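Following: one structure in structure tokens, then a few remarks.
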Amino acid sequence: MAKLRKEDLQTPVSIWREKDMINGEKVDAFVIILRTTGCWWAHKKGCTMCGYNTVSAPVTEEDLRVQLAKALEKYANEKMVKIYTSGSFLDDHEIPSAVRKDIFTMFSAAARILFESRPEFVTAENLTSIEPARSAVAIGLESANEEILRRCIRKGFTVSDYEQAAKLLNEYHIPLRTYLLLKPPYLTEKAALEDALASVQYAAQFSESVSVNPVNVQRNTLVESLWTKGNYAPPMIWTLIEVLKAGSGKAECRLLSSPSGGGAARGVHNCGQCDKKLLSAIEKFSYSQDPSEFAGLECECQHEWKALLELQDLMFTGVDVKRQATENIIE
């Protein structure tokens with residue numbers, strides 16, 4: 001990667017606006033991706049599907065403050081502010097404690113500031129550097145299955161680590177958003193569906209919201225290597241819809257999905273004919289929580305999806321069956 005200029009180190013990676021929810025109310029959200037030193041785990045081993053560390057760089061505290069000042073110039077008093085890094089907001093090596101405290105002052109008009117963290121940084125000491133009443137923490141659990149977490153995702157922490165952090169956030173009355181990964185590598189479509197449903201059931205007991213994130217094949221990752229060789233395929237949209245339908249209504253927990261790369265070859269997709277319509281229904285469901293948003297949705301590729309659920313299990317493989325079959329046809 002080319003060496004970044006000082007200007008780049010002092011400019012947020014991206015800023016945009018979107019919608020989100022606070023206590024059942026749909027609100028405007030101001031989103032900032034800060035350039036930081038990056039996720040410590042990604043520097044050591046990294047998760048199999050994550051390529052976010054490519055935007056990290058050796059930034060200083062001064063660089064971070066300039067980034068935040070530039071973001072503040074574009075802030076229009078949205079009720080929600082979402083601050084993402086390539087790692088953990090509560091990691092002092094990424095966001096120093098003093099900067100965290102100042103962020104809550106800078107965005108004083110925000111009713112809620114949401115940020116991400118790995119569970120090892122969710123400690124009583126680190127929570128003193130934020131305002132619990134205005135905070136929300138997102139943790140990427142990905143799967144509640146210990147073996148999948150370790151072997152397929154290589155997350156670098158355990159389910160019990162997540163639970164300990166979740167309970168601490170519950171104790172401080174800080175809303176938790178749990179991210180779950182739909183279809184980690186090496187899982188069949190059916191196994192991925194079953195794992196996501198079990199993980200929703202588990203995470204809902206601790207979370208204000210659970211976000212189901214289908215794999216988006218990111219560059220320079222193990223998943224990309226598997227995908228390039230036809231040994232992995234992103235999940236079908238039908239699988240995501242089934243997770244949302246079957247997983248909805250868990251206590252007071254909101255279930256949502258905002259698929260990155262939805263409809264593209266690297267993201268969750270179907271045949272191309274129904275993708276836009278189905279993704280629109282998923283967006284509506286994420287706010288309404290009404291499974292009837294999916295009523296009447298049909299496409300010929302549903303037959304392919306149902307066959308895939310059975311075929312991959314019979315073959316004991318999670319490879320891209322359609323691609324493998326096409327490329328190995330003998331004419």
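Residues are referred to by chain and number: the chain letter is A, B, ... according to the order shown in the structure tokens, the number counts from 1 in that chain, and ligands are numbered separately from 1 in the order shown.
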
Open item on the list: Need the shell around Thr37 in chain A: protein/DNA/RNA residues with any atom at most 6 Å away, counting only C-alpha atoms. Skip same-chain ones fewer than 6 positions apart. Format as a list in words?
Closed with: Ser56, Ala57, Pro58, Val59 and Glu94 of chain A

Taking C-alpha atoms for each residue, export the selection above as a tab-separated table (two decimals), in the first residue's frame.
chain	number	residue	atom	x	y	z
A	56	SER	CA	-5.58	1.76	8.62
A	57	ALA	CA	-2.41	3.82	9.03
A	58	PRO	CA	-0.10	5.07	11.80
A	59	VAL	CA	-2.21	8.09	12.76
A	94	GLU	CA	-6.92	3.40	18.18

- [ ] Report as a ChimeraX atom specification: the residues of range 35-275 of chain A with a DSSP assignment of strand (DSSP E), based on the backbone of this structure.
- [x] /A:80-84,112-116,135-142,176-182,209-214,254-256

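Going from CA of Thr11 in chain A to CA of Ala71 in chain A covers 8.5 Å.
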
Near Leu255 in chain A, within 12 Å and counting only C-alpha atoms, which residues show up once chain neighbours fewer than 5 positions away are dropped, as an mmCIF file with C-alpha atoms, in the first residue's frame?
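Saved file selection.cif follows:
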data_model
loop_
_atom_site.group_PDB
_atom_site.id
_atom_site.type_symbol
_atom_site.label_atom_id
_atom_site.label_comp_id
_atom_site.auth_asym_id
_atom_site.auth_seq_id
_atom_site.Cartn_x
_atom_site.Cartn_y
_atom_site.Cartn_z
ATOM 1 C CA MET A 21 -33.615 3.706 15.113
ATOM 2 C CA ARG A 177 -26.058 -4.065 18.908
ATOM 3 C CA THR A 178 -24.751 -7.511 18.036
ATOM 4 C CA TYR A 179 -23.458 -8.261 14.551
ATOM 5 C CA LEU A 180 -23.895 -11.798 13.240
ATOM 6 C CA ALA A 196 -27.580 -17.699 12.069
ATOM 7 C CA LEU A 197 -30.927 -18.656 13.605
ATOM 8 C CA SER A 199 -27.027 -17.147 17.015
ATOM 9 C CA VAL A 200 -29.990 -14.742 16.793
ATOM 10 C CA GLN A 201 -31.716 -16.697 19.554
ATOM 11 C CA ALA A 203 -27.656 -12.831 21.086
ATOM 12 C CA ALA A 204 -31.209 -11.472 21.423
ATOM 13 C CA SER A 207 -29.040 -7.076 22.709
ATOM 14 C CA GLU A 208 -31.244 -4.118 21.918
ATOM 15 C CA SER A 209 -30.708 -4.985 18.254
ATOM 16 C CA VAL A 210 -29.162 -7.807 16.248
ATOM 17 C CA SER A 211 -27.815 -7.092 12.767
ATOM 18 C CA VAL A 212 -27.478 -10.069 10.430
ATOM 19 C CA ASN A 213 -24.618 -9.308 8.045
ATOM 20 C CA LEU A 240 -31.186 -13.977 4.654
ATOM 21 C CA ILE A 241 -34.944 -13.524 4.382
ATOM 22 C CA VAL A 243 -33.279 -15.863 8.953
ATOM 23 C CA LEU A 244 -35.156 -12.583 9.385
ATOM 24 C CA LYS A 245 -38.583 -14.237 9.153
ATOM 25 C CA ALA A 246 -37.808 -17.080 11.538
ATOM 26 C CA GLY A 247 -35.718 -14.963 13.881
ATOM 27 C CA SER A 248 -38.099 -12.023 14.291
ATOM 28 C CA GLY A 249 -40.048 -11.392 17.473
ATOM 29 C CA LYS A 250 -37.277 -12.397 19.894
ATOM 30 C CA ILE A 282 -35.380 -6.462 3.818
ATOM 31 C CA GLU A 283 -34.836 -2.732 4.316
ATOM 32 C CA LYS A 284 -38.532 -2.212 5.102
ATOM 33 C CA PHE A 285 -38.553 -5.137 7.537
ATOM 34 C CA SER A 286 -35.508 -3.756 9.342
ATOM 35 C CA TYR A 287 -37.635 -0.810 10.444
ATOM 36 C CA SER A 288 -41.142 -2.262 10.647
ATOM 37 C CA GLN A 289 -40.148 -5.651 12.171
ATOM 38 C CA ASP A 290 -43.165 -7.032 10.308
ATOM 39 C CA PRO A 291 -42.507 -10.385 8.567
#

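Between CA of Phe104 in chain A and CA of Val66 in chain A lies a distance of 15.6 Å.
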
- [ ] Would you mind writing down, as a PyMOL selection string, each residue of range 105-161 of chain A that DSSP on the backbone assigns to helix (DSSP H, G or I)?
- [x] chain A and resi 105-106+119-121+126-129+132-134+146-153+159-161

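The spacing separating CA of Ser108 in chain A from CA of Phe30 in chain A amounts to 13.0 Å.
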
Open item on the list: as number ranges by chain, please: the residues near Glu7 in chain A (cut-off 12 Å, only C-alpha atoms, same-chain neighbours under 6 positions excluded).
Closed with: A: 13, 35, 59, 63-64, 66-67, 70

- [ ] Extract, using only C-alpha atoms, all DNA, RNA and protein residues at most 8 Å from range 258-269 of chain A, discarding same-chain residues fewer than 4 positions from it, and format them as a PyMOL selection string.
- [x] chain A and resi 211-218+234-237+275-276+279+282-283

Go ahead and save the residues from that selection, with N, CA, C and O atoms, as a PDB file, in the first residue's frame.
ATOM      1  N   SER A 211     -27.963  -7.334  14.199  1.00  0.00           N
ATOM      2  CA  SER A 211     -27.815  -7.092  12.767  1.00  0.00           C
ATOM      3  C   SER A 211     -27.213  -8.326  12.103  1.00  0.00           C
ATOM      4  O   SER A 211     -26.118  -8.761  12.461  1.00  0.00           O
ATOM      5  N   VAL A 212     -27.954  -8.896  11.156  1.00  0.00           N
ATOM      6  CA  VAL A 212     -27.478 -10.069  10.430  1.00  0.00           C
ATOM      7  C   VAL A 212     -26.753  -9.579   9.181  1.00  0.00           C
ATOM      8  O   VAL A 212     -27.364  -9.002   8.280  1.00  0.00           O
ATOM      9  N   ASN A 213     -25.448  -9.817   9.129  1.00  0.00           N
ATOM     10  CA  ASN A 213     -24.618  -9.308   8.045  1.00  0.00           C
ATOM     11  C   ASN A 213     -24.157 -10.441   7.132  1.00  0.00           C
ATOM     12  O   ASN A 213     -23.264 -11.209   7.510  1.00  0.00           O
ATOM     13  N   PRO A 214     -24.733 -10.542   5.940  1.00  0.00           N
ATOM     14  CA  PRO A 214     -24.255 -11.559   4.999  1.00  0.00           C
ATOM     15  C   PRO A 214     -22.825 -11.249   4.579  1.00  0.00           C
ATOM     16  O   PRO A 214     -22.444 -10.082   4.469  1.00  0.00           O
ATOM     17  N   VAL A 215     -22.045 -12.283   4.356  1.00  0.00           N
ATOM     18  CA  VAL A 215     -20.658 -12.069   3.940  1.00  0.00           C
ATOM     19  C   VAL A 215     -20.604 -11.262   2.647  1.00  0.00           C
ATOM     20  O   VAL A 215     -21.327 -11.535   1.689  1.00  0.00           O
ATOM     21  N   ASN A 216     -19.761 -10.249   2.651  1.00  0.00           N
ATOM     22  CA  ASN A 216     -19.420  -9.502   1.449  1.00  0.00           C
ATOM     23  C   ASN A 216     -17.945  -9.805   1.200  1.00  0.00           C
ATOM     24  O   ASN A 216     -17.103  -9.540   2.066  1.00  0.00           O
ATOM     25  N   VAL A 217     -17.618 -10.393   0.073  1.00  0.00           N
ATOM     26  CA  VAL A 217     -16.250 -10.848  -0.187  1.00  0.00           C
ATOM     27  C   VAL A 217     -15.327  -9.652  -0.338  1.00  0.00           C
ATOM     28  O   VAL A 217     -15.337  -8.958  -1.361  1.00  0.00           O
ATOM     29  N   GLN A 218     -14.514  -9.406   0.690  1.00  0.00           N
ATOM     30  CA  GLN A 218     -13.610  -8.265   0.694  1.00  0.00           C
ATOM     31  C   GLN A 218     -12.227  -8.666   0.179  1.00  0.00           C
ATOM     32  O   GLN A 218     -11.828  -9.830   0.286  1.00  0.00           O
ATOM     33  N   PRO A 234     -21.140 -16.411  -1.672  1.00  0.00           N
ATOM     34  CA  PRO A 234     -21.924 -15.651  -0.694  1.00  0.00           C
ATOM     35  C   PRO A 234     -23.323 -16.248  -0.582  1.00  0.00           C
ATOM     36  O   PRO A 234     -23.784 -16.948  -1.493  1.00  0.00           O
ATOM     37  N   PRO A 235     -24.012 -15.997   0.515  1.00  0.00           N
ATOM     38  CA  PRO A 235     -25.358 -16.564   0.683  1.00  0.00           C
ATOM     39  C   PRO A 235     -26.352 -15.981  -0.308  1.00  0.00           C
ATOM     40  O   PRO A 235     -26.134 -14.896  -0.853  1.00  0.00           O
ATOM     41  N   MET A 236     -27.428 -16.715  -0.536  1.00  0.00           N
ATOM     42  CA  MET A 236     -28.518 -16.200  -1.358  1.00  0.00           C
ATOM     43  C   MET A 236     -29.422 -15.317  -0.498  1.00  0.00           C
ATOM     44  O   MET A 236     -29.502 -15.485   0.721  1.00  0.00           O
ATOM     45  N   ILE A 237     -30.088 -14.378  -1.137  1.00  0.00           N
ATOM     46  CA  ILE A 237     -30.974 -13.463  -0.411  1.00  0.00           C
ATOM     47  C   ILE A 237     -32.099 -14.227   0.261  1.00  0.00           C
ATOM     48  O   ILE A 237     -32.574 -13.859   1.340  1.00  0.00           O
ATOM     49  N   ASP A 275     -33.403  -9.521  -7.092  1.00  0.00           N
ATOM     50  CA  ASP A 275     -32.550  -8.995  -6.030  1.00  0.00           C
ATOM     51  C   ASP A 275     -33.038  -7.653  -5.480  1.00  0.00           C
ATOM     52  O   ASP A 275     -33.157  -7.476  -4.257  1.00  0.00           O
ATOM     53  N   LYS A 276     -33.292  -6.707  -6.356  1.00  0.00           N
ATOM     54  CA  LYS A 276     -33.669  -5.361  -5.930  1.00  0.00           C
ATOM     55  C   LYS A 276     -34.951  -5.382  -5.115  1.00  0.00           C
ATOM     56  O   LYS A 276     -35.056  -4.721  -4.062  1.00  0.00           O
ATOM     57  N   LEU A 279     -34.245  -7.066  -1.633  1.00  0.00           N
ATOM     58  CA  LEU A 279     -33.428  -6.207  -0.771  1.00  0.00           C
ATOM     59  C   LEU A 279     -34.251  -5.032  -0.244  1.00  0.00           C
ATOM     60  O   LEU A 279     -34.052  -4.590   0.896  1.00  0.00           O
ATOM     61  N   ILE A 282     -36.245  -6.306   2.637  1.00  0.00           N
ATOM     62  CA  ILE A 282     -35.380  -6.462   3.818  1.00  0.00           C
ATOM     63  C   ILE A 282     -35.188  -5.119   4.514  1.00  0.00           C
ATOM     64  O   ILE A 282     -35.240  -5.021   5.745  1.00  0.00           O
ATOM     65  N   GLU A 283     -34.989  -4.068   3.731  1.00  0.00           N
ATOM     66  CA  GLU A 283     -34.836  -2.732   4.316  1.00  0.00           C
ATOM     67  C   GLU A 283     -36.105  -2.316   5.056  1.00  0.00           C
ATOM     68  O   GLU A 283     -36.041  -1.788   6.175  1.00  0.00           O
TER      69      GLU A 283
END

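Nearest-residue note for Leu278 in chain A: choosing from A:Thr239, A:Thr221, A:Thr128, A:Gln312, the minimum distance belongs to A:Thr239, counting only C-alpha atoms.
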
Open item on the list: So that I can check the surroundings of Ala166 in chain A, please list as a list in words every protein, DNA and RNA residue that reaches within 10 Å of it, counting only C-alpha atoms and ignoring chain neighbours fewer than 5 positions away.
Closed with: Pro119, Val122, Val137, Ala138, Ile139, Ser160, Asp161, Glu171, Tyr172, Ile174, Pro175, Leu176, Arg177, Thr178, Ala203, Gln205, Phe206 and Ser207 of chain A
